[in-house]
>>> print(open('input.pdb').read())   # PDB, C-alpha atoms and all ligand atoms
ATOM      1  CA  MET A 277      91.188  84.200  83.321
ATOM      2  CA  GLN A 278      92.178  80.590  82.508
ATOM      3  CA  GLY A 279      95.039  79.430  84.690
ATOM      4  CA  LEU A 280      95.035  82.628  86.736
ATOM      5  CA  THR A 281      91.827  83.649  88.473
ATOM      6  CA  GLU A 282      90.911  80.189  89.668
ATOM      7  CA  VAL A 283      89.663  79.519  93.147
ATOM      8  CA  LEU A 284      93.112  79.568  94.806
ATOM      9  CA  PHE A 285      93.664  83.098  93.486
ATOM     10  CA  ARG A 286      90.128  84.202  94.335
ATOM     11  CA  ARG A 287      90.446  82.971  97.930
ATOM     12  CA  VAL A 288      93.824  84.628  98.517
ATOM     13  CA  TYR A 289      92.508  87.814  96.930
ATOM     14  CA  GLU A 290      89.427  87.914  99.148
ATOM     15  CA  GLU A 291      91.588  87.213 102.223
ATOM     16  CA  CYS A 292      93.907  90.134 101.392
ATOM     17  CA  PHE A 293      91.291  92.572 100.049
ATOM     18  CA  PRO A 294      87.901  91.587 101.493
ATOM     19  CA  GLY A 295      85.000  92.915  99.421
ATOM     20  CA  ALA A 296      87.222  94.837  96.985
ATOM     21  CA  ILE A 297      85.902  92.849  94.012
ATOM     22  CA  ARG A 298      82.104  92.533  93.860
ATOM     23  CA  VAL A 299      82.097  89.439  91.680
ATOM     24  CA  ALA A 300      84.503  87.373  89.558
ATOM     25  CA  VAL A 301      83.585  85.545  86.365
ATOM     26  CA  SER A 302      85.188  82.094  86.509
ATOM     27  CA  PRO A 303      87.644  80.855  83.889
ATOM     28  CA  PHE A 304      85.469  79.151  81.286
ATOM     29  CA  LEU A 305      84.092  75.642  81.655
ATOM     30  CA  SER A 306      84.393  74.239  78.139
ATOM     31  CA  LEU A 307      81.776  72.145  76.367
ATOM     32  CA  THR A 308      84.316  71.125  73.706
ATOM     33  CA  HIS A 309      82.812  68.563  71.334
ATOM     34  CA  GLY A 310      79.624  68.796  73.327
ATOM     35  CA  ASN A 311      81.418  66.812  76.018
ATOM     36  CA  LEU A 312      79.879  67.619  79.342
ATOM     37  CA  ALA A 313      82.380  65.432  81.183
ATOM     38  CA  GLU A 314      85.184  67.836  80.303
ATOM     39  CA  ALA A 315      83.344  70.808  81.774
ATOM     40  CA  TRP A 316      82.302  68.747  84.778
ATOM     41  CA  ASP A 317      85.944  67.828  85.413
ATOM     42  CA  LYS A 318      86.726  71.508  85.923
ATOM     43  CA  ILE A 319      83.657  72.126  88.054
ATOM     44  CA  GLU A 320      85.830  71.868  91.188
ATOM     45  CA  ASP A 321      86.762  75.478  90.558
ATOM     46  CA  VAL A 322      83.221  76.684  91.152
ATOM     47  CA  LEU A 323      81.926  74.123  93.652
ATOM     48  CA  PRO A 324      80.490  76.185  96.497
ATOM     49  CA  GLU A 325      82.317  74.137  99.153
ATOM     50  CA  ASN A 326      85.650  75.007  97.495
ATOM     51  CA  ASN A 327      84.677  78.659  97.230
ATOM     52  CA  VAL A 328      84.169  79.399 100.904
ATOM     53  CA  GLY A 329      86.069  82.631 101.574
ATOM     54  CA  SER A 330      86.443  83.330  97.837
ATOM     55  CA  ILE A 331      85.263  86.303  95.791
ATOM     56  CA  PRO A 332      81.625  85.603  94.804
ATOM     57  CA  VAL A 333      81.678  83.936  91.396
ATOM     58  CA  ILE A 334      79.659  83.719  88.187
ATOM     59  CA  PRO A 335      80.543  80.494  86.336
ATOM     60  CA  GLN A 336      81.366  80.966  82.661
ATOM     61  CA  ILE A 337      80.604  78.475  79.870
ATOM     62  CA  LEU A 338      82.393  78.206  76.531
ATOM     63  CA  GLY A 339      80.513  76.231  73.892
ATOM     64  CA  LYS A 340      77.694  76.212  71.391
ATOM     65  CA  GLU A 341      75.876  72.964  72.097
ATOM     66  CA  PRO A 342      72.447  74.012  73.397
ATOM     67  CA  ASN A 343      71.519  70.802  75.196
ATOM     68  CA  GLU A 344      74.823  70.514  77.060
ATOM     69  CA  PHE A 345      74.663  74.228  77.790
ATOM     70  CA  ILE A 346      71.246  73.802  79.403
ATOM     71  CA  THR A 347      72.323  70.711  81.365
ATOM     72  CA  LEU A 348      75.473  72.365  82.701
ATOM     73  CA  GLY A 349      73.740  75.705  83.318
ATOM     74  CA  ASN A 350      70.931  74.042  85.244
ATOM     75  CA  ARG A 351      73.349  71.948  87.313
ATOM     76  CA  LEU A 352      75.176  75.131  88.201
ATOM     77  CA  TYR A 353      71.856  76.648  89.220
ATOM     78  CA  ASP A 354      71.073  73.603  91.368
ATOM     79  CA  ILE A 355      74.353  74.015  93.262
ATOM     80  CA  GLY A 356      73.573  77.667  93.926
ATOM     81  CA  TYR A 357      74.456  79.852  90.928
ATOM     82  CA  LYS A 358      71.747  82.294  89.925
ATOM     83  CA  GLU A 359      73.695  83.628  86.937
ATOM     84  CA  ILE A 360      75.983  82.067  84.364
ATOM     85  CA  ASN A 361      78.027  83.788  81.685
ATOM     86  CA  TRP A 362      78.425  82.738  78.029
ATOM     87  CA  ASN A 363      81.895  83.274  76.583
ATOM     88  CA  MET A 364      81.685  84.810  73.096
ATOM     89  CA  GLY A 365      85.076  86.448  73.335
ATOM     90  CA  CYS A 366      87.788  83.775  73.530
ATOM     91  CA  PRO A 367      90.262  84.558  70.717
ATOM     92  CA  MET A 368      92.209  81.262  70.672
ATOM     93  CA  ARG A 369      92.379  80.071  67.067
ATOM     94  CA  LYS A 370      91.469  76.466  67.701
ATOM     95  CA  VAL A 371      88.446  77.619  69.746
ATOM     96  CA  ALA A 372      87.305  80.284  67.279
ATOM     97  CA  ALA A 373      87.688  77.935  64.300
ATOM     98  CA  LYS A 374      84.847  75.851  65.730
ATOM     99  CA  HIS A 375      82.489  78.833  66.084
ATOM    100  CA  ARG A 376      83.147  79.014  69.821
ATOM    101  CA  GLY A 377      84.234  82.050  71.810
ATOM    102  CA  SER A 378      84.824  84.979  69.439
ATOM    103  CA  GLY A 379      84.425  82.501  66.549
ATOM    104  CA  ILE A 380      80.655  82.656  66.862
ATOM    105  CA  LEU A 381      80.459  86.442  66.526
ATOM    106  CA  PRO A 382      80.203  86.445  62.685
ATOM    107  CA  TYR A 383      77.230  84.042  62.879
ATOM    108  CA  PRO A 384      74.267  85.818  64.493
ATOM    109  CA  ASP A 385      71.866  83.176  63.137
ATOM    110  CA  GLU A 386      73.760  80.506  65.095
ATOM    111  CA  VAL A 387      73.574  82.648  68.223
ATOM    112  CA  LYS A 388      69.841  83.113  67.705
ATOM    113  CA  ALA A 389      69.290  79.373  67.181
ATOM    114  CA  ILE A 390      71.193  78.631  70.421
ATOM    115  CA  LEU A 391      69.381  81.295  72.452
ATOM    116  CA  ASP A 392      65.997  80.141  71.121
ATOM    117  CA  VAL A 393      66.607  76.699  72.625
ATOM    118  CA  VAL A 394      68.625  77.678  75.712
ATOM    119  CA  VAL A 395      66.823  80.700  77.142
ATOM    120  CA  PRO A 396      63.388  79.098  77.742
ATOM    121  CA  GLN A 397      64.943  76.070  79.475
ATOM    122  CA  LEU A 398      67.765  77.664  81.425
ATOM    123  CA  LYS A 399      67.160  78.127  85.174
ATOM    124  CA  PRO A 400      69.901  80.709  85.947
ATOM    125  CA  SER A 401      69.923  84.104  84.291
ATOM    126  CA  LEU A 402      72.333  84.469  81.402
ATOM    127  CA  SER A 403      74.924  87.168  80.832
ATOM    128  CA  VAL A 404      77.326  87.261  77.878
ATOM    129  CA  LYS A 405      80.878  88.395  77.223
ATOM    130  CA  VAL A 406      81.706  89.545  73.706
ATOM    131  CA  ARG A 407      84.413  91.133  71.589
ATOM    132  CA  LEU A 408      83.586  93.439  68.675
ATOM    133  CA  GLY A 409      83.871  90.645  66.170
ATOM    134  CA  LEU A 410      86.167  87.919  64.958
ATOM    135  CA  LYS A 411      87.795  89.758  62.036
ATOM    136  CA  ASP A 412      85.316  92.564  61.450
ATOM    137  CA  LYS A 413      83.681  94.937  63.922
ATOM    138  CA  GLU A 414      80.472  94.809  61.854
ATOM    139  CA  ASP A 415      79.894  91.425  63.540
ATOM    140  CA  ILE A 416      78.817  93.042  66.772
ATOM    141  CA  PHE A 417      76.404  95.448  65.085
ATOM    142  CA  ARG A 418      74.653  92.437  63.513
ATOM    143  CA  LEU A 419      74.676  90.521  66.789
ATOM    144  CA  VAL A 420      73.305  93.176  69.148
ATOM    145  CA  PRO A 421      69.747  93.252  67.691
ATOM    146  CA  ILE A 422      69.627  89.467  68.242
ATOM    147  CA  LEU A 423      70.853  89.755  71.861
ATOM    148  CA  ASN A 424      68.285  92.507  72.454
ATOM    149  CA  ASP A 425      65.467  89.993  71.776
ATOM    150  CA  TYR A 426      66.355  87.942  74.877
ATOM    151  CA  PRO A 427      66.444  88.682  78.621
ATOM    152  CA  ILE A 428      70.237  88.952  78.843
ATOM    153  CA  ALA A 429      71.397  89.976  82.345
ATOM    154  CA  SER A 430      74.386  91.983  81.112
ATOM    155  CA  VAL A 431      76.726  92.276  78.149
ATOM    156  CA  THR A 432      80.430  92.592  78.918
ATOM    157  CA  VAL A 433      82.238  94.138  75.953
ATOM    158  CA  HIS A 434      85.978  93.798  75.403
ATOM    159  CA  PRO A 435      86.268  96.147  72.398
ATOM    160  CA  ARG A 436      88.895  94.298  70.404
ATOM    161  CA  LEU A 437      88.511  91.810  67.553
ATOM    162  CA  GLY A 438      89.200  88.133  68.193
ATOM    163  CA  ARG A 439      91.974  88.099  65.605
ATOM    164  CA  GLN A 440      93.737  90.924  67.463
ATOM    165  CA  GLN A 441      94.206  88.606  70.446
ATOM    166  CA  TYR A 442      95.493  91.127  73.018
ATOM    167  CA  ASN A 443      97.333  93.402  70.582
ATOM    168  CA  GLY A 444      96.571  97.004  69.718
ATOM    169  CA  HIS A 445      94.222  99.117  71.807
ATOM    170  CA  PRO A 446      90.570  98.675  72.753
ATOM    171  CA  ASP A 447      88.452 100.477  70.116
ATOM    172  CA  LEU A 448      86.697 103.027  72.317
ATOM    173  CA  ASP A 449      85.032 104.871  69.409
ATOM    174  CA  THR A 450      83.258 101.710  68.294
ATOM    175  CA  PHE A 451      82.424 100.896  71.918
ATOM    176  CA  GLY A 452      80.788 104.335  72.179
ATOM    177  CA  GLN A 453      78.683 103.701  69.059
ATOM    178  CA  LEU A 454      77.612 100.335  70.397
ATOM    179  CA  LEU A 455      76.683 101.394  73.898
ATOM    180  CA  PRO A 456      73.279 103.023  73.171
ATOM    181  CA  LEU A 457      72.277 100.071  70.962
ATOM    182  CA  ILE A 458      72.539  97.412  73.696
ATOM    183  CA  LYS A 459      69.404  96.941  75.801
ATOM    184  CA  ALA A 460      71.034  95.029  78.681
ATOM    185  CA  PRO A 461      73.381  96.720  81.177
ATOM    186  CA  VAL A 462      76.821  97.015  79.592
ATOM    187  CA  ILE A 463      80.058  96.189  81.407
ATOM    188  CA  TYR A 464      83.279  97.585  79.956
ATOM    189  CA  ASN A 465      86.428  95.428  79.850
ATOM    190  CA  GLY A 466      89.899  96.013  78.418
ATOM    191  CA  ASP A 467      93.247  97.514  79.411
ATOM    192  CA  ILE A 468      92.232  98.965  82.765
ATOM    193  CA  CYS A 469      95.680  98.892  84.357
ATOM    194  CA  ILE A 470      95.660 101.905  86.690
ATOM    195  CA  ALA A 471      92.827 103.751  88.449
ATOM    196  CA  ALA A 472      93.045 106.618  85.929
ATOM    197  CA  ASP A 473      92.054 104.181  83.136
ATOM    198  CA  ALA A 474      88.848 103.363  85.005
ATOM    199  CA  ILE A 475      88.109 107.019  85.677
ATOM    200  CA  ARG A 476      88.592 107.809  81.990
ATOM    201  CA  ILE A 477      86.122 105.088  80.933
ATOM    202  CA  ARG A 478      83.548 106.153  83.515
ATOM    203  CA  GLU A 479      83.822 109.807  82.500
ATOM    204  CA  ARG A 480      83.617 109.132  78.782
ATOM    205  CA  PHE A 481      80.860 106.497  79.066
ATOM    206  CA  PRO A 482      78.697 107.305  82.094
ATOM    207  CA  GLN A 483      76.071 104.815  80.871
ATOM    208  CA  VAL A 484      78.440 101.908  81.527
ATOM    209  CA  ALA A 485      76.929  99.807  84.319
ATOM    210  CA  ASP A 486      80.178  98.354  85.627
ATOM    211  CA  LEU A 487      83.824  97.641  84.871
ATOM    212  CA  MET A 488      85.593  94.310  84.506
ATOM    213  CA  VAL A 489      89.297  94.198  85.219
ATOM    214  CA  GLY A 490      91.407  91.296  83.932
ATOM    215  CA  ARG A 491      95.186  91.417  83.785
ATOM    216  CA  GLY A 492      95.255  94.697  85.711
ATOM    217  CA  VAL A 493      94.375  92.930  88.930
ATOM    218  CA  LEU A 494      97.569  90.894  88.592
ATOM    219  CA  TYR A 495      99.727  93.815  87.532
ATOM    220  CA  ARG A 496      98.427  95.699  90.530
ATOM    221  CA  PRO A 497      96.337  93.707  93.012
ATOM    222  CA  THR A 498      95.311  96.906  94.837
ATOM    223  CA  LEU A 499      93.756  98.284  91.606
ATOM    224  CA  PRO A 500      90.103  97.535  92.490
ATOM    225  CA  LEU A 501      90.611  99.279  95.856
ATOM    226  CA  GLU A 502      92.169 102.262  94.127
ATOM    227  CA  ILE A 503      89.313 102.453  91.598
ATOM    228  CA  GLU A 504      86.602 102.338  94.232
ATOM    229  CA  ASN A 505      88.379 104.644  96.671
ATOM    230  CA  GLU A 506      89.728 107.196  94.260
ATOM    231  CA  ALA A 507      88.968 109.968  96.749
ATOM    232  CA  LEU A 508      90.693 108.165  99.586
ATOM    233  CA  LYS A 509      94.400 108.001 100.150
ATOM    234  CA  ILE A 510      95.172 104.334 100.386
ATOM    235  CA  GLU A 511      98.064 103.758 102.687
ATOM    236  CA  ASN A 512     100.871 101.312 102.028
ATOM    237  CA  LEU A 513      99.887 100.234  98.529
ATOM    238  CA  ALA A 514     103.311  98.733  97.865
ATOM    239  CA  GLU A 515     103.175  96.767 101.118
ATOM    240  CA  LYS A 516      99.653  95.501 100.341
ATOM    241  CA  ASN A 517     100.699  94.341  96.864
ATOM    242  CA  LYS A 518     103.764  92.588  98.284
ATOM    243  CA  HIS A 519     101.678  90.884 100.920
ATOM    244  CA  PHE A 520      99.294  89.592  98.257
ATOM    245  CA  VAL A 521     102.128  88.147  96.133
ATOM    246  CA  ARG A 522     103.624  86.538  99.255
ATOM    247  CA  ARG A 523     100.306  84.918 100.230
ATOM    248  CA  LEU A 524      99.624  83.756  96.672
ATOM    249  CA  THR A 525     103.068  82.117  96.504
ATOM    250  CA  GLU A 526     102.583  80.468  99.909
ATOM    251  CA  GLU A 527      99.217  79.043  98.877
ATOM    252  CA  ILE A 528     100.620  77.654  95.615
ATOM    253  CA  LEU A 529     103.449  75.994  97.538
ATOM    254  CA  ALA A 530     100.976  74.525 100.011
ATOM    255  CA  THR A 531      98.415  73.381  97.436
ATOM    256  CA  PHE A 532     100.189  72.057  94.345
ATOM    257  CA  PRO A 533     101.502  68.516  94.748
ATOM    258  CA  THR A 534     104.833  68.284  92.913
ATOM    259  CA  GLU A 535     107.925  70.449  92.540
ATOM    260  CA  GLN A 536     107.186  70.794  88.815
ATOM    261  CA  SER A 537     103.553  71.836  89.300
ATOM    262  CA  LYS A 538     104.505  74.336  92.025
ATOM    263  CA  ILE A 539     107.166  75.943  89.786
ATOM    264  CA  ARG A 540     104.861  76.010  86.755
ATOM    265  CA  LYS A 541     102.067  77.708  88.682
ATOM    266  CA  ILE A 542     104.337  80.235  90.403
ATOM    267  CA  LYS A 543     105.807  81.186  87.016
ATOM    268  CA  GLU A 544     102.336  81.529  85.394
ATOM    269  CA  TYR A 545     101.520  84.224  87.931
ATOM    270  CA  TRP A 546     104.992  85.659  88.131
ATOM    271  CA  CYS A 547     104.879  86.699  84.421
ATOM    272  CA  LEU A 548     102.235  89.260  85.457
ATOM    273  CA  VAL A 549     102.468  89.894  89.206
ATOM    274  CA  TRP A 550     106.110  90.944  89.227
ATOM    275  CA  LYS A 551     104.823  94.303  87.963
ATOM    276  CA  ALA A 552     103.087  94.763  91.315
ATOM    277  CA  LEU A 553     106.510  94.936  93.004
ATOM    278  CA  SER A 554     109.129  97.624  92.730
ATOM    279  CA  ILE A 555     111.572  95.463  90.805
ATOM    280  CA  SER A 556     113.094  95.577  87.341
ATOM    281  CA  GLU A 557     112.051  93.394  84.415
ATOM    282  CA  MET A 558     115.530  91.858  84.489
ATOM    283  CA  GLN A 559     115.089  90.761  88.118
ATOM    284  CA  ALA A 560     111.694  89.299  87.223
ATOM    285  CA  ARG A 561     113.126  87.400  84.249
ATOM    286  CA  GLU A 562     115.836  85.846  86.409
ATOM    287  CA  VAL A 563     113.120  84.119  88.437
ATOM    288  CA  LEU A 564     111.495  82.812  85.243
ATOM    289  CA  HIS A 565     114.795  81.280  84.125
ATOM    290  CA  GLN A 566     115.232  79.148  87.269
ATOM    291  CA  GLU A 567     114.325  75.467  87.232
ATOM    292  CA  LYS A 568     114.787  74.562  90.922
ATOM    293  CA  LEU A 569     111.966  75.283  93.332
ATOM    294  CA  THR A 570     114.246  76.147  96.258
ATOM    295  CA  ILE A 571     115.978  78.797  94.141
ATOM    296  CA  VAL A 572     112.685  80.226  92.828
ATOM    297  CA  GLU A 573     111.359  80.400  96.394
ATOM    298  CA  LYS A 574     114.516  82.082  97.693
ATOM    299  CA  MET A 575     114.607  84.634  94.873
ATOM    300  CA  ILE A 576     110.957  85.586  95.320
ATOM    301  CA  CYS A 577     111.418  85.776  99.069
ATOM    302  CA  ASP A 578     114.397  88.162  98.627
ATOM    303  CA  LEU A 579     112.475  90.305  96.118
ATOM    304  CA  LEU A 580     109.604  90.594  98.602
ATOM    305  CA  GLN A 581     111.859  91.922 101.408
TER     306      GLN A 581
HETATM  307  C1  LIG B   1      95.642  84.195  80.281
HETATM  308  C2  LIG B   1      94.270  84.732  80.006
HETATM  309  C3  LIG B   1      93.179  83.902  80.167
HETATM  310  C4  LIG B   1      91.889  84.376  79.905
HETATM  311  N1  LIG B   1      90.811  83.537  80.122
HETATM  312  C5  LIG B   1      89.541  84.026  79.932
HETATM  313  C6  LIG B   1      88.378  83.225  80.204
HETATM  314  O1  LIG B   1      88.467  82.055  80.614
HETATM  315  N2  LIG B   1      87.168  83.788  79.999
HETATM  316  C7  LIG B   1      87.020  85.084  79.562
HETATM  317  O2  LIG B   1      85.904  85.561  79.404
HETATM  318  N3  LIG B   1      88.088  85.841  79.305
HETATM  319  C8  LIG B   1      89.329  85.361  79.476
HETATM  320  N4  LIG B   1      90.405  86.172  79.225
HETATM  321  C9  LIG B   1      90.184  87.538  78.727
HETATM  322  C10 LIG B   1      90.036  88.527  79.888
HETATM  323  O3  LIG B   1      88.900  88.196  80.668
HETATM  324  C11 LIG B   1      89.839  89.958  79.375
HETATM  325  O4  LIG B   1      88.698  89.999  78.544
HETATM  326  C12 LIG B   1      91.030  90.454  78.574
HETATM  327  O5  LIG B   1      92.249  90.099  79.186
HETATM  328  C13 LIG B   1      90.990  91.999  78.420
HETATM  329  O6  LIG B   1      90.870  92.609  79.669
HETATM  330  P1  LIG B   1      92.142  93.149  80.507
HETATM  331  O7  LIG B   1      92.861  94.111  79.603
HETATM  332  O8  LIG B   1      91.517  93.815  81.706
HETATM  333  O9  LIG B   1      92.985  91.978  80.843
HETATM  334  C14 LIG B   1      91.695  85.714  79.464
HETATM  335  C15 LIG B   1      92.816  86.546  79.310
HETATM  336  C16 LIG B   1      94.080  86.070  79.568
HETATM  337  C17 LIG B   1      95.254  86.996  79.380
END
>>> encode(input="input.pdb", output="structure tokens", more="lines below")
Ligand SMILES: Cc1cc2nc3c(=O)[nH]c(=O)nc-3n(C[C@H](O)[C@H](O)[C@H](O)COP(=O)(O)O)c2cc1C
Amino acid sequence: MQGLTEVLFRRVYEECFPGAIRVAVSPFLSLTHGNLAEAWDKIEDVLPENNVGSIPVIPQILGKEPNEFITLGNRLYDIGYKEINWNMGCPMRKVAAKHRGSGILPYPDEVKAILDVVVPQLKPSLSVKVRLGLKDKEDIFRLVPILNDYPIASVTVHPRLGRQQYNGHPDLDTFGQLLPLIKAPVIYNGDICIAADAIRIRERFPQVADLMVGRGVLYRPTLPLEIENEALKIENLAEKNKHFVRRLTEEILATFPTEQSKIRKIKEYWCLVWKALSISEMQAREVLHQEKLTIVEKMICDLLQ
């Protein structure tokens, strides 16, 4: 997730919960305007030397320019990545308007033209992340037969439309219709916030190869542990979640250079991670209203007691 699950987060997570997450897909590297330099600027996030001690990562690319896609994909392969992921799910309007992210879903011919050029020349294997469509869930039913013609490593489905952004609920009925039509292993993503959500998806769709958790891992950092150890009683969940938030805050304070950048980053996480603590929304909001770093630090420290 852009701005959230970057390498700082992934390293703190792995330190606190070693092995709990098998693999993380990186926030997307964008090929906006076919400009490789922009994606390369953000490459720091996936450079192997920066990812020592991090959750293993699959770099994700957002874009539709085949030549730049191949160049970036093959550079990623050369620095050690055996798989890359193509983002066909981003709902941001300015992205979708240019047939990127979920904006490409209504255009299966464009996807086919890109895959025809990219797949034969790409060194890493390619997985994709999709929504059901941009404005119409028929998009995905037209796209799947195209995807099935290529050796796609996996298809992660977030069963919402792009225009829904994050509103409404994932459309599980449509996901169920889609599942038998997709040749590649299917990964389910969307609104897994507690372990029971994961159990429900696995029970209803046993063919699902894996689960991807997004915001849930910030709402409840212990969630992946709880999903994988549903039979086990995990001790001290509250303490483990607190410890994670404490370590994340410490690392932001140690890593970001200015008072403003430290505050901005802490608040970006705080909007979600406060739910991991036993505090009220009002207490959480008070932190978000503060402008001085010393006060933010003190308030978070008190809330973590
Ligand atoms: C702030 C934010 C940034 C995101 N950035 C990305 C991204 O870079 N690539 C991507 O594939 N999905 C991105 N997503 C979407 C999530 O990966 C996921 O598909 C979506 O949040 C639904 O899953 P969840 O309910 O488990 O969060 C982002 C979501 C949020 C809220």
>>> residues_near_ligand(input="input.pdb", ligand="ligand LIG 1 (chain B)", cutoff="7 Å", atoms="only C-alpha atoms and all ligand atoms", output="list in words")
Met277, Gln278, Gly279, Leu280, Ser302, Pro303, Phe304, Gln336, Asn363, Gly365, Cys366, Lys405, His434, Asn465, Gly466, Asp467, Ile468, Met488, Val489, Gly490, Arg491 and Gly492 of chain A
>>> residues_around(input="input.pdb", residues="Glu562 in chain A", least_positions_apart="3", cutoff="12 Å", atoms="only C-alpha atoms", output="mmCIF file with C-alpha atoms, keeping the file's coordinate frame")
data_model
loop_
_atom_site.group_PDB
_atom_site.id
_atom_site.type_symbol
_atom_site.label_atom_id
_atom_site.label_comp_id
_atom_site.auth_asym_id
_atom_site.auth_seq_id
_atom_site.Cartn_x
_atom_site.Cartn_y
_atom_site.Cartn_z
ATOM 1 C CA LYS A 543 105.807 81.186 87.016
ATOM 2 C CA TRP A 546 104.992 85.659 88.131
ATOM 3 C CA CYS A 547 104.879 86.699 84.421
ATOM 4 C CA TRP A 550 106.110 90.944 89.227
ATOM 5 C CA ILE A 555 111.572 95.463 90.805
ATOM 6 C CA SER A 556 113.094 95.577 87.341
ATOM 7 C CA GLU A 557 112.051 93.394 84.415
ATOM 8 C CA MET A 558 115.530 91.858 84.489
ATOM 9 C CA GLN A 559 115.089 90.761 88.118
ATOM 10 C CA HIS A 565 114.795 81.280 84.125
ATOM 11 C CA GLN A 566 115.232 79.148 87.269
ATOM 12 C CA GLU A 567 114.325 75.467 87.232
ATOM 13 C CA ILE A 571 115.978 78.797 94.141
ATOM 14 C CA VAL A 572 112.685 80.226 92.828
ATOM 15 C CA LYS A 574 114.516 82.082 97.693
ATOM 16 C CA MET A 575 114.607 84.634 94.873
ATOM 17 C CA ILE A 576 110.957 85.586 95.320
ATOM 18 C CA LEU A 579 112.475 90.305 96.118
#
>>> resolve_selection(input="input.pdb", expression="the PyMOL selection byres (((chain A and resi 421) around 12) and not hetatm)", output="ChimeraX atom specification")
/A:384-385,387-388,415-420,422-426,428,454,456-460
>>> atom_distance(input="input.pdb", atom1="CA of Asp486 in chain A", atom2="CA of Arg298 in chain A")
10.3 Å
>>> residues_around(input="input.pdb", residues="Ala296 in chain A", least_positions_apart="4", cutoff="9 Å", atoms="all atoms listed in the file", output="ChimeraX atom specification")
/A:289-290,331,498,500-501,504
>>> closest_residue(input="input.pdb", among="A:Leu284, A:Val484, A:Cys469, A:Cys577", to="Val433 in chain A", atoms="all atoms listed in the file")
A:Val484
>>> closest_residue(input="input.pdb", among="A:Ile346, A:Val333, A:Val521, A:Ala552", to="Leu391 in chain A", atoms="only C-alpha atoms")
A:Ile346
>>> atom_distance(input="input.pdb", atom1="CA of Leu553 in chain A", atom2="CA of Leu529 in chain A")
19.7 Å
>>> resolve_selection(input="input.pdb", expression="the PyMOL selection byres (((chain A and resi 440) around 12) and not hetatm)", output="PyMOL selection string")
chain A and resi 365-369+378+407-413+434-439+441-447
>>> atom_distance(input="input.pdb", atom1="CA of Pro332 in chain A", atom2="CA of Leu455 in chain A")
26.7 Å
>>> closest_residue(input="input.pdb", among="A:Pro497, A:Pro324, A:Pro400, A:Pro533", to="Cys292 in chain A", atoms="all atoms listed in the file")
A:Pro497
>>> closest_residue(input="input.pdb", among="A:Phe532, A:Ile380, A:Tyr495, A:Pro335", to="Phe520 in chain A", atoms="only C-alpha atoms")
A:Tyr495
>>> closest_residue(input="input.pdb", among="A:Arg287, A:Lys374, A:Lys516, A:Arg496", to="Ile528 in chain A", atoms="all atoms listed in the file")
A:Arg287
>>> residues_around(input="input.pdb", residues="range 305-322 of chain A", least_positions_apart="5", cutoff="8 Å", atoms="all atoms listed in the file", output="PyMOL selection string")
chain A and resi 282-283+327+333+335-341+344-345+348
>>> closest_residue(input="input.pdb", among="A:Leu398, A:Gly295, A:Arg286, A:Gln453", to="Asn326 in chain A", atoms="all atoms listed in the file")
A:Arg286
